[in-house]
$ cat input34.txt   # compact mmCIF, C-alpha atoms
# COMPACT_ATOMS: atom_id res chain seq x y z
CA MET A 1 -11.15 -181.17 81.73
CA ASN A 2 -12.97 -183.87 79.84
CA ARG A 3 -15.20 -182.42 77.13
CA HIS A 4 -18.33 -184.05 75.79
CA ARG A 5 -19.54 -183.76 72.23
CA SER A 6 -22.54 -185.34 70.60
CA SER A 7 -22.52 -186.86 67.16
CA ALA A 8 -24.81 -185.47 64.48
CA SER A 9 -27.04 -187.77 62.48
CA PHE A 10 -28.45 -186.21 59.33
CA GLY A 11 -30.64 -189.10 58.29
CA SER A 12 -33.62 -187.07 59.46
CA ARG A 13 -33.93 -183.34 60.00
CA GLY A 14 -32.59 -182.14 63.33
CA SER A 15 -31.94 -185.57 64.90
CA PHE A 16 -28.89 -185.73 67.17
CA ASN A 17 -27.65 -188.75 69.07
CA GLN A 18 -25.87 -188.20 72.39
CA ARG A 19 -22.59 -189.98 73.06
CA LYS A 20 -19.67 -189.60 75.43
CA PHE A 21 -15.98 -190.24 74.88
CA LYS A 22 -12.73 -190.12 76.80
CA LYS A 23 -9.59 -188.27 75.88
CA SER A 24 -6.66 -190.19 74.53
CA GLY A 25 -4.02 -191.04 77.08
CA ASN A 26 -1.43 -188.44 76.04
CA GLY A 27 -3.52 -185.57 77.40
CA GLY A 28 -4.24 -184.12 73.99
CA HIS A 29 -0.90 -182.37 73.49
CA TYR A 30 0.66 -181.63 70.12
CA SER A 31 3.91 -180.04 68.97
CA TYR A 32 4.78 -177.15 66.68
CA PRO A 33 8.12 -177.71 64.93
CA LYS A 34 9.86 -174.54 63.79
CA SER A 35 12.12 -176.25 61.28
CA PHE A 36 11.83 -179.46 59.34
CA SER A 37 14.18 -181.41 57.12
CA SER A 38 13.31 -181.14 53.42
CA ALA A 39 13.70 -184.89 53.27
CA ARG A 40 10.55 -185.33 55.38
CA ARG A 41 7.38 -186.26 53.57
CA PHE A 42 4.02 -184.59 54.10
CA SER A 43 1.00 -186.42 55.47
CA ALA A 44 -0.30 -189.24 53.33
CA GLY A 45 -3.01 -188.51 50.81
CA PRO A 46 -3.42 -187.45 47.19
CA LYS A 47 -0.35 -185.84 45.68
CA SER A 48 0.08 -182.11 46.27
CA GLU A 49 2.01 -179.64 44.13
CA LEU A 50 3.39 -177.84 47.19
CA GLY A 51 6.61 -179.83 47.53
CA ASP A 52 8.33 -180.53 50.83
CA ASP A 53 9.01 -177.06 52.25
CA ILE A 54 6.76 -176.80 55.29
CA SER A 55 7.91 -173.28 56.14
CA ILE A 56 5.06 -171.90 54.01
CA PHE A 57 2.63 -173.26 56.64
CA ILE A 58 4.35 -171.58 59.62
CA LYS A 59 3.64 -167.97 60.45
CA LYS A 60 2.75 -166.27 63.71
CA ALA A 61 -0.29 -164.03 63.77
CA ALA A 62 0.24 -160.32 64.12
CA ALA A 63 -1.72 -158.30 66.65
CA VAL A 64 -5.40 -158.14 65.73
CA LEU A 65 -6.55 -154.64 64.84
CA THR A 66 -9.27 -153.25 67.07
CA GLN A 67 -10.96 -151.49 64.18
CA ASP A 68 -11.02 -151.38 60.42
CA THR A 69 -8.33 -148.96 59.22
CA TYR A 70 -10.00 -148.41 55.85
CA ALA A 71 -11.74 -145.06 55.51
CA PRO A 72 -14.45 -145.34 52.82
CA HIS A 73 -15.00 -142.45 50.42
CA ASN A 74 -18.75 -143.09 50.40
CA SER A 75 -21.45 -143.95 52.89
CA PHE A 76 -24.45 -146.06 51.97
CA ALA A 77 -26.53 -142.87 52.34
CA ASP A 78 -24.48 -141.29 49.54
CA PHE A 79 -25.56 -143.83 46.93
CA ASP A 80 -28.60 -142.97 44.81
CA ILE A 81 -30.59 -146.06 45.76
CA ALA A 82 -34.10 -146.72 47.04
CA GLU A 83 -34.79 -145.74 50.65
CA ILE A 84 -36.16 -149.20 51.45
CA LEU A 85 -32.90 -150.70 50.19
CA LYS A 86 -30.92 -148.34 52.45
CA GLN A 87 -33.07 -149.49 55.37
CA ASN A 88 -32.46 -153.15 54.51
CA ILE A 89 -28.72 -152.47 54.38
CA ALA A 90 -28.89 -150.91 57.85
CA ASN A 91 -31.00 -153.80 59.16
CA LYS A 92 -28.37 -156.22 57.85
CA GLY A 93 -25.87 -154.50 60.13
CA TYR A 94 -23.82 -152.81 57.43
CA THR A 95 -22.70 -149.48 58.89
CA HIS A 96 -20.23 -148.38 56.22
CA PRO A 97 -19.05 -149.82 52.90
CA THR A 98 -16.15 -152.25 52.75
CA PRO A 99 -13.41 -151.36 50.25
CA VAL A 100 -14.95 -153.40 47.43
CA GLN A 101 -18.41 -151.98 48.13
CA ASP A 102 -17.01 -148.46 48.32
CA LYS A 103 -15.31 -148.81 44.93
CA ALA A 104 -17.75 -151.06 43.02
CA VAL A 105 -21.30 -149.97 43.90
CA GLN A 106 -21.27 -146.65 42.03
CA PRO A 107 -19.82 -147.98 38.74
CA ILE A 108 -22.41 -150.77 38.74
CA LEU A 109 -25.16 -148.24 39.45
CA ASP A 110 -23.83 -146.28 36.45
CA GLY A 111 -24.27 -149.36 34.24
CA ARG A 112 -20.57 -150.01 33.72
CA ASP A 113 -19.02 -153.43 33.22
CA LEU A 114 -16.76 -154.31 36.13
CA ILE A 115 -13.83 -156.55 36.97
CA GLY A 116 -13.62 -157.10 40.71
CA LEU A 117 -10.42 -158.64 42.06
CA ALA A 118 -11.50 -159.58 45.54
CA ASN A 119 -11.18 -162.49 47.91
CA THR A 120 -14.06 -164.18 49.68
CA GLY A 121 -14.97 -162.33 52.86
CA THR A 122 -14.45 -158.81 51.46
CA GLY A 123 -18.15 -158.01 51.10
CA LYS A 124 -18.20 -158.46 47.33
CA THR A 125 -21.61 -160.17 47.30
CA ALA A 126 -23.31 -157.06 48.64
CA ALA A 127 -21.10 -154.97 46.33
CA PHE A 128 -22.98 -156.31 43.31
CA LEU A 129 -26.34 -157.14 44.91
CA ILE A 130 -27.01 -153.64 46.23
CA PRO A 131 -26.80 -151.87 42.83
CA LEU A 132 -28.52 -154.75 41.00
CA ILE A 133 -31.45 -154.77 43.43
CA ASN A 134 -31.79 -151.03 42.86
CA LYS A 135 -31.61 -151.56 39.09
CA ILE A 136 -34.50 -154.04 39.21
CA SER A 137 -36.46 -151.81 41.58
CA ASN A 138 -36.23 -148.95 39.06
CA ASP A 139 -37.05 -151.10 36.03
CA ARG A 140 -39.05 -154.29 36.58
CA SER A 141 -38.17 -155.56 33.09
CA GLN A 142 -34.54 -155.98 34.17
CA ARG A 143 -33.38 -159.53 34.81
CA VAL A 144 -30.10 -160.70 36.35
CA ILE A 145 -28.32 -164.05 36.21
CA ILE A 146 -25.55 -164.90 38.68
CA VAL A 147 -23.25 -167.89 38.07
CA THR A 148 -21.15 -169.34 40.90
CA PRO A 149 -18.95 -172.45 41.14
CA THR A 150 -20.59 -174.09 44.18
CA ARG A 151 -24.05 -174.82 45.50
CA GLU A 152 -23.16 -173.36 48.90
CA LEU A 153 -22.07 -170.03 47.43
CA SER A 154 -25.21 -169.86 45.28
CA GLY A 155 -27.34 -170.48 48.35
CA GLN A 156 -25.55 -167.81 50.37
CA ILE A 157 -25.98 -165.23 47.61
CA ASN A 158 -29.68 -166.10 47.40
CA GLU A 159 -30.05 -165.67 51.17
CA GLU A 160 -28.34 -162.27 51.08
CA LEU A 161 -30.50 -161.21 48.14
CA HIS A 162 -33.63 -162.00 50.14
CA ILE A 163 -32.39 -159.98 53.12
CA LEU A 164 -31.32 -156.94 51.09
CA SER A 165 -34.48 -156.90 48.94
CA ARG A 166 -36.99 -157.48 51.75
CA GLY A 167 -40.26 -155.70 51.05
CA MET A 168 -39.28 -154.88 47.44
CA ASN A 169 -41.15 -157.73 45.68
CA ILE A 170 -38.02 -159.00 43.93
CA TYR A 171 -38.11 -162.73 43.33
CA SER A 172 -35.28 -165.15 42.64
CA SER A 173 -34.77 -168.73 41.56
CA LEU A 174 -31.96 -170.90 42.92
CA VAL A 175 -30.81 -173.28 40.18
CA ILE A 176 -28.33 -175.86 41.50
CA GLY A 177 -27.62 -179.55 41.24
CA GLY A 178 -28.87 -181.92 43.90
CA ALA A 179 -32.23 -180.14 44.12
CA ASN A 180 -35.53 -180.91 42.38
CA ILE A 181 -35.13 -179.86 38.74
CA HIS A 182 -38.87 -179.88 38.07
CA ARG A 183 -39.45 -177.32 40.80
CA GLN A 184 -36.64 -175.23 39.32
CA ILE A 185 -38.23 -175.43 35.87
CA SER A 186 -41.49 -174.22 37.37
CA ASP A 187 -39.65 -171.34 39.08
CA ILE A 188 -37.89 -170.28 35.87
CA ARG A 189 -41.16 -170.24 33.93
CA ARG A 190 -42.47 -167.64 36.41
CA ARG A 191 -39.71 -165.32 35.10
CA PRO A 192 -38.01 -164.33 38.37
CA SER A 193 -36.00 -161.13 38.32
CA VAL A 194 -32.85 -162.96 39.49
CA VAL A 195 -31.58 -166.44 38.67
CA ILE A 196 -28.66 -167.75 40.74
CA GLY A 197 -27.04 -171.04 39.89
CA THR A 198 -24.14 -173.36 39.21
CA PRO A 199 -22.87 -174.14 35.70
CA GLY A 200 -24.00 -177.76 35.45
CA ARG A 201 -27.67 -177.18 36.28
CA LEU A 202 -27.82 -173.92 34.32
CA LYS A 203 -26.50 -175.71 31.23
CA ASP A 204 -29.03 -178.49 31.70
CA LEU A 205 -31.90 -175.99 31.76
CA ILE A 206 -30.52 -174.15 28.73
CA GLU A 207 -30.32 -177.40 26.77
CA ARG A 208 -33.90 -178.21 27.80
CA ARG A 209 -34.86 -174.79 26.38
CA VAL A 210 -36.29 -173.70 29.70
CA LEU A 211 -33.69 -171.02 30.41
CA HIS A 212 -32.84 -168.44 27.74
CA LEU A 213 -29.82 -166.27 28.47
CA ALA A 214 -30.91 -163.73 25.86
CA ASP A 215 -33.65 -162.74 28.35
CA PHE A 216 -31.09 -161.35 30.82
CA GLY A 217 -29.59 -157.88 30.68
CA THR A 218 -27.09 -158.38 33.49
CA PHE A 219 -24.71 -161.29 33.87
CA VAL A 220 -22.55 -161.89 36.96
CA LEU A 221 -19.69 -164.38 37.10
CA ASP A 222 -18.51 -164.93 40.68
CA GLU A 223 -15.39 -166.80 41.86
CA VAL A 224 -14.34 -167.30 38.24
CA ASP A 225 -10.89 -168.68 39.07
CA LEU A 226 -12.48 -171.52 41.03
CA MET A 227 -14.94 -172.22 38.19
CA VAL A 228 -11.94 -172.64 35.89
CA ASP A 229 -10.03 -174.72 38.45
CA ILE A 230 -12.84 -177.28 38.79
CA GLY A 231 -13.42 -177.65 35.07
CA PHE A 232 -16.23 -175.25 34.17
CA ILE A 233 -14.29 -173.09 31.71
CA HIS A 234 -16.04 -174.53 28.63
CA ASP A 235 -19.46 -174.08 30.26
CA VAL A 236 -18.67 -170.45 31.05
CA LYS A 237 -17.53 -169.80 27.48
CA TYR A 238 -20.74 -171.45 26.26
CA PHE A 239 -22.85 -169.16 28.46
CA ILE A 240 -21.04 -166.07 27.20
CA SER A 241 -21.70 -167.12 23.59
CA LEU A 242 -25.46 -167.07 24.32
CA LEU A 243 -25.61 -163.66 25.98
CA PRO A 244 -27.15 -160.63 24.28
CA ALA A 245 -24.66 -158.15 22.88
CA LYS A 246 -26.21 -155.36 24.92
CA ARG A 247 -25.67 -156.29 28.54
CA GLN A 248 -23.97 -155.35 31.77
CA SER A 249 -21.24 -157.82 32.70
CA LEU A 250 -19.80 -158.15 36.20
CA PHE A 251 -16.78 -160.36 36.82
CA PHE A 252 -15.38 -161.31 40.22
CA SER A 253 -12.29 -163.41 40.84
CA ALA A 254 -9.51 -163.60 43.42
CA THR A 255 -6.90 -164.06 40.68
CA ILE A 256 -6.69 -163.83 36.89
CA PRO A 257 -4.61 -166.72 35.56
CA PRO A 258 -4.25 -167.10 31.75
CA LYS A 259 -7.36 -169.27 31.31
CA VAL A 260 -9.46 -166.74 33.22
CA ARG A 261 -8.07 -163.94 31.04
CA GLU A 262 -9.47 -165.78 27.99
CA ILE A 263 -12.94 -165.46 29.50
CA LEU A 264 -12.49 -161.80 30.34
CA GLN A 265 -11.68 -160.77 26.78
CA ALA A 266 -15.02 -162.10 25.52
CA PHE A 267 -17.08 -161.06 28.52
CA VAL A 268 -16.53 -157.39 29.44
CA THR A 269 -16.46 -154.15 27.45
CA ASP A 270 -14.57 -151.09 28.66
CA PRO A 271 -14.69 -152.33 32.25
CA VAL A 272 -13.94 -150.55 35.49
CA THR A 273 -11.37 -152.58 37.45
CA VAL A 274 -11.63 -152.69 41.23
CA SER A 275 -8.84 -154.47 43.11
CA VAL A 276 -9.13 -155.03 46.84
CA GLN A 277 -7.23 -158.29 47.13
CA LYS A 278 -6.00 -159.14 50.56
CA GLN A 279 -2.45 -160.23 51.25
CA ASN A 280 -1.62 -163.86 50.54
CA THR A 281 -2.47 -164.98 54.06
CA PRO A 282 -4.18 -162.80 56.66
CA GLU A 283 -1.93 -161.39 59.38
CA ASN A 284 -4.33 -162.37 62.16
CA ILE A 285 -4.13 -166.14 61.48
CA ASP A 286 -1.62 -168.13 63.50
CA GLN A 287 -0.27 -170.75 61.06
CA ASP A 288 1.67 -173.83 62.08
CA VAL A 289 2.19 -177.52 61.45
CA VAL A 290 1.26 -180.59 63.47
CA ARG A 291 3.74 -183.43 63.32
CA ILE A 292 2.25 -186.92 63.08
CA ASN A 293 5.48 -188.78 63.93
CA GLY A 294 4.13 -192.10 62.77
CA ARG A 295 0.97 -191.92 64.88
CA ASP A 296 -2.48 -192.59 63.50
CA LYS A 297 -3.76 -189.33 61.98
CA VAL A 298 -7.25 -189.78 63.41
CA ASP A 299 -5.83 -190.22 66.92
CA LYS A 300 -3.84 -186.99 66.50
CA LEU A 301 -6.90 -185.16 65.25
CA HIS A 302 -8.91 -186.56 68.15
CA ASP A 303 -6.39 -185.13 70.61
CA LEU A 304 -6.61 -181.68 69.02
CA LEU A 305 -10.40 -181.57 68.86
CA ASN A 306 -10.59 -182.59 72.51
CA GLN A 307 -8.89 -179.36 73.65
CA ASP A 308 -11.04 -176.56 74.98
CA GLU A 309 -9.78 -173.89 72.59
CA PHE A 310 -10.92 -175.89 69.53
CA GLU A 311 -14.43 -174.46 69.74
CA LYS A 312 -15.52 -174.34 66.09
CA VAL A 313 -13.32 -176.25 63.69
CA LEU A 314 -13.22 -176.64 59.92
CA VAL A 315 -11.24 -179.72 58.80
CA PHE A 316 -10.18 -180.02 55.16
CA GLY A 317 -9.45 -183.23 53.26
CA ARG A 318 -8.63 -183.84 49.60
CA THR A 319 -11.20 -186.45 48.57
CA LYS A 320 -14.89 -187.18 49.08
CA HIS A 321 -14.07 -190.73 50.14
CA GLY A 322 -11.54 -189.53 52.70
CA ILE A 323 -13.93 -186.99 54.20
CA GLU A 324 -16.73 -189.55 54.41
CA LYS A 325 -14.42 -192.03 56.15
CA LEU A 326 -13.23 -189.39 58.62
CA ASP A 327 -16.84 -188.37 59.29
CA LYS A 328 -17.67 -191.92 60.36
CA GLN A 329 -14.51 -192.26 62.47
CA LEU A 330 -15.07 -189.04 64.40
CA THR A 331 -18.78 -189.74 64.85
CA MET A 332 -17.92 -193.14 66.36
CA ARG A 333 -15.64 -191.31 68.79
CA GLY A 334 -18.53 -189.10 69.91
CA PHE A 335 -17.77 -185.78 68.24
CA ARG A 336 -20.46 -183.43 66.95
CA VAL A 337 -19.48 -183.48 63.30
CA GLY A 338 -20.89 -183.01 59.80
CA ALA A 339 -19.35 -183.42 56.34
CA LEU A 340 -19.67 -181.40 53.11
CA HIS A 341 -18.70 -183.10 49.86
CA GLY A 342 -20.09 -183.75 46.42
CA ASN A 343 -21.81 -187.04 47.27
CA ARG A 344 -24.17 -185.38 49.77
CA THR A 345 -27.60 -184.40 48.52
CA GLN A 346 -28.30 -180.70 48.43
CA GLY A 347 -30.72 -181.03 51.33
CA GLN A 348 -28.08 -182.76 53.44
CA ARG A 349 -25.47 -180.13 52.58
CA GLN A 350 -27.81 -177.29 53.54
CA ARG A 351 -28.78 -178.93 56.85
CA ILE A 352 -25.15 -179.65 57.76
CA LEU A 353 -24.00 -176.13 56.92
CA LYS A 354 -26.90 -174.62 58.88
CA SER A 355 -26.11 -176.84 61.88
CA PHE A 356 -22.47 -175.70 61.83
CA LYS A 357 -23.41 -172.03 61.51
CA GLN A 358 -25.85 -172.34 64.42
CA ASP A 359 -23.32 -174.24 66.60
CA GLU A 360 -25.42 -177.40 66.69
CA ILE A 361 -22.27 -179.18 65.53
CA SER A 362 -18.76 -177.94 66.37
CA ILE A 363 -16.75 -179.66 63.62
CA LEU A 364 -17.26 -179.42 59.87
CA LEU A 365 -15.34 -181.67 57.47
CA ALA A 366 -15.06 -180.46 53.89
CA THR A 367 -13.36 -180.93 50.55
CA ASP A 368 -11.68 -177.96 48.85
CA VAL A 369 -14.78 -176.87 46.92
CA ALA A 370 -16.37 -175.91 50.24
CA SER A 371 -13.45 -173.63 51.12
CA ARG A 372 -14.51 -171.06 48.54
CA GLY A 373 -17.39 -168.74 49.28
CA LEU A 374 -18.36 -170.14 52.68
CA ASP A 375 -19.25 -167.30 55.04
CA ILE A 376 -19.24 -168.73 58.56
CA ASP A 377 -18.72 -166.66 61.69
CA ASN A 378 -16.35 -167.49 64.55
CA VAL A 379 -14.43 -170.45 63.11
CA SER A 380 -11.66 -170.84 65.70
CA HIS A 381 -9.47 -173.31 63.80
CA VAL A 382 -8.86 -174.57 60.29
CA ILE A 383 -7.09 -177.92 60.11
CA ASN A 384 -5.50 -179.16 56.88
CA TYR A 385 -5.90 -182.88 57.55
CA ASP A 386 -4.68 -183.49 53.98
CA LEU A 387 -2.48 -181.04 52.12
CA PRO A 388 -4.19 -178.80 49.59
CA GLU A 389 -3.17 -179.27 45.99
CA THR A 390 -1.87 -175.71 45.53
CA TYR A 391 -0.86 -172.75 47.68
CA ASP A 392 -3.91 -170.83 46.43
CA ASP A 393 -6.09 -173.63 47.81
CA TYR A 394 -4.22 -173.32 51.12
CA VAL A 395 -4.90 -169.58 51.26
CA HIS A 396 -8.59 -170.09 50.56
CA ARG A 397 -8.87 -172.85 53.15
CA ILE A 398 -7.34 -170.92 56.02
CA GLY A 399 -9.29 -167.79 55.09
CA ARG A 400 -12.34 -169.37 56.76
CA THR A 401 -10.87 -168.42 60.15
CA GLY A 402 -9.59 -165.09 61.45
CA ARG A 403 -12.49 -163.16 59.92
CA ALA A 404 -13.89 -159.79 61.02
CA ASN A 405 -10.59 -158.81 62.69
CA LYS A 406 -10.66 -161.85 64.99
CA LYS A 407 -7.66 -164.05 65.56
CA GLY A 408 -7.71 -167.53 64.04
CA THR A 409 -5.48 -170.60 63.92
CA ALA A 410 -4.57 -172.78 60.91
CA LEU A 411 -2.82 -176.10 61.42
CA THR A 412 -1.41 -178.39 58.73
CA PHE A 413 -0.72 -182.09 59.30
CA VAL A 414 2.75 -183.30 58.24
CA GLU A 415 4.64 -186.53 58.82

$ encode --input "input34.txt" --output "structure tokens"
Amino acid sequence: MNRHRSSASFGSRGSFNQRKFKKSGNGGHYSYPKSFSSARRFSAGPKSELGDDISIFIKKAAAVLTQDTYAPHNSFADFDIAEILKQNIANKGYTHPTPVQDKAVQPILDGRDLIGLANTGTGKTAAFLIPLINKISNDRSQRVIIVTPTRELSGQINEELHILSRGMNIYSSLVIGGANIHRQISDIRRRPSVVIGTPGRLKDLIERRVLHLADFGTFVLDEVDLMVDIGFIHDVKYFISLLPAKRQSLFFSATIPPKVREILQAFVTDPVTVSVQKQNTPENIDQDVVRINGRDKVDKLHDLLNQDEFEKVLVFGRTKHGIEKLDKQLTMRGFRVGALHGNRTQGQRQRILKSFKQDEISILLATDVASRGLDIDNVSHVINYDLPETYDDYVHRIGRTGRANKKGTALTFVE
């Protein structure tokens, strides 16, 4: 069956051009090799550290569980938090705590420092927001600052904060690059209870003497391993040097490599450690490779995207230039597509992400930064158009599919 997709134009809000296209002549088929000579090279693109063993990208999904097998020790009703907060939690659709929420909420309520070893998608955002909202509700002088590596993750945390604190008169300021700094300065001067931001813009406001970290009694570092990976380690150390000695420090990371451990030693005091890391790759993701065999990569991708089962697809590339080029190529072929990378303005990134979440576009192209922290429902496929640089990056990429006990598919292009 010939499928039709429309291309997305983000030059103006909500404008979509309609186009039609025809399938390529091979019927859209692709092959799944089960073994591959180590002499074969991977798909062209920036150099990866993964070597030539493609077996790491091949794994059949196990049966999807029909229900969560984790039995929490607490219910949300058990926690000593405001009744309106409990109602907001219920309205959000949270019926029982996830493992990280079950283990982390009470220590944070008790004022303890915490190290949370948790992947994206485990419910860790609510694990720290719930007790911090309650802390502010009980004492309006309390202020919280949350530092994340990406604009998208900051925005998602801010959205969840608004939902969980509805009706509680708790105000926040989102401080990220690509947005109007003068508006952010105005917001900060109103002394919001919560400031959420990325390192670059936070540092800029500190150096302008608009933001004073000594004013904050709670400091949250989220996705610390990614912050280190993308070069923010010195900024994070700088922030820690400005914090008041008396504070509550919350630290969340999927892994703790040596450079991250350096940060930990200066950041937390007598912490509670909560570890709810998932296995390396989820069991409910079908992982395989797609052989290019000398064909044009875009033609191969076209054939895949034209198949009915590719309903909501996240395609990863290694460079901003490569993603932008692929965006133009797929748009010319009539696909409903958007692209997330560092050269987009913040407004463009937010509109594209919203369009993908609301199924106005069916294909999202992204660089690796976007693979961390994105919370998007019902992604049917992740395609590694270019190889990730490391296996950790691969795990984070494919973790965008197969969420909430649903089955997903991850495909990796190889020559």

$ closest_residue --input "input34.txt" --among "A:Val313, A:Met227, A:Leu301, A:Leu353" --to "Asp386 of chain A" --atoms "only C-alpha atoms"
A:Leu301

$ closest_atom_pairs --input "input34.txt" --of "segment 195-297 of chain A" --to "segment 107-128 of chain A" --cutoff "7 Å" --atoms "only C-alpha atoms" --output "Markdown table"
| residue | atom | partner | partner_atom | distance |
| --- | --- | --- | --- | --- |
| A:Gln248 | CA | A:Asp113 | CA | 5.5 |
| A:Ser249 | CA | A:Asp113 | CA | 4.9 |
| A:Leu250 | CA | A:Leu114 | CA | 4.9 |
| A:Phe251 | CA | A:Ile115 | CA | 4.8 |
| A:Phe252 | CA | A:Gly116 | CA | 4.6 |
| A:Ser253 | CA | A:Leu117 | CA | 5.3 |
| A:Ala254 | CA | A:Asn119 | CA | 4.9 |
| A:Thr255 | CA | A:Leu117 | CA | 6.6 |
| A:Val268 | CA | A:Asp113 | CA | 6.0 |
| A:Thr269 | CA | A:Asp113 | CA | 6.4 |
| A:Asp270 | CA | A:Asp113 | CA | 6.8 |
| A:Pro271 | CA | A:Asp113 | CA | 4.6 |
| A:Val272 | CA | A:Leu114 | CA | 4.7 |
| A:Thr273 | CA | A:Ile115 | CA | 4.7 |
| A:Val274 | CA | A:Gly116 | CA | 4.9 |
| A:Ser275 | CA | A:Leu117 | CA | 4.6 |
| A:Val276 | CA | A:Ala118 | CA | 5.3 |
| A:Gln277 | CA | A:Ala118 | CA | 4.7 |
| A:Lys278 | CA | A:Asn119 | CA | 6.7 |

$ atom_distance --input "input34.txt" --atom1 "atom CA of Leu264 of chain A" --atom2 "atom CA of Lys203 of chain A"
19.8 Å

$ atom_distance --input "input34.txt" --atom1 "atom CA of Gln358 of chain A" --atom2 "atom CA of Thr401 of chain A"
16.1 Å

$ closest_residue --input "input34.txt" --among "A:Asp368, A:Glu360, A:Asp393, A:Glu160" --to "Gly317 of chain A" --atoms "all atoms listed in the file"
A:Asp368
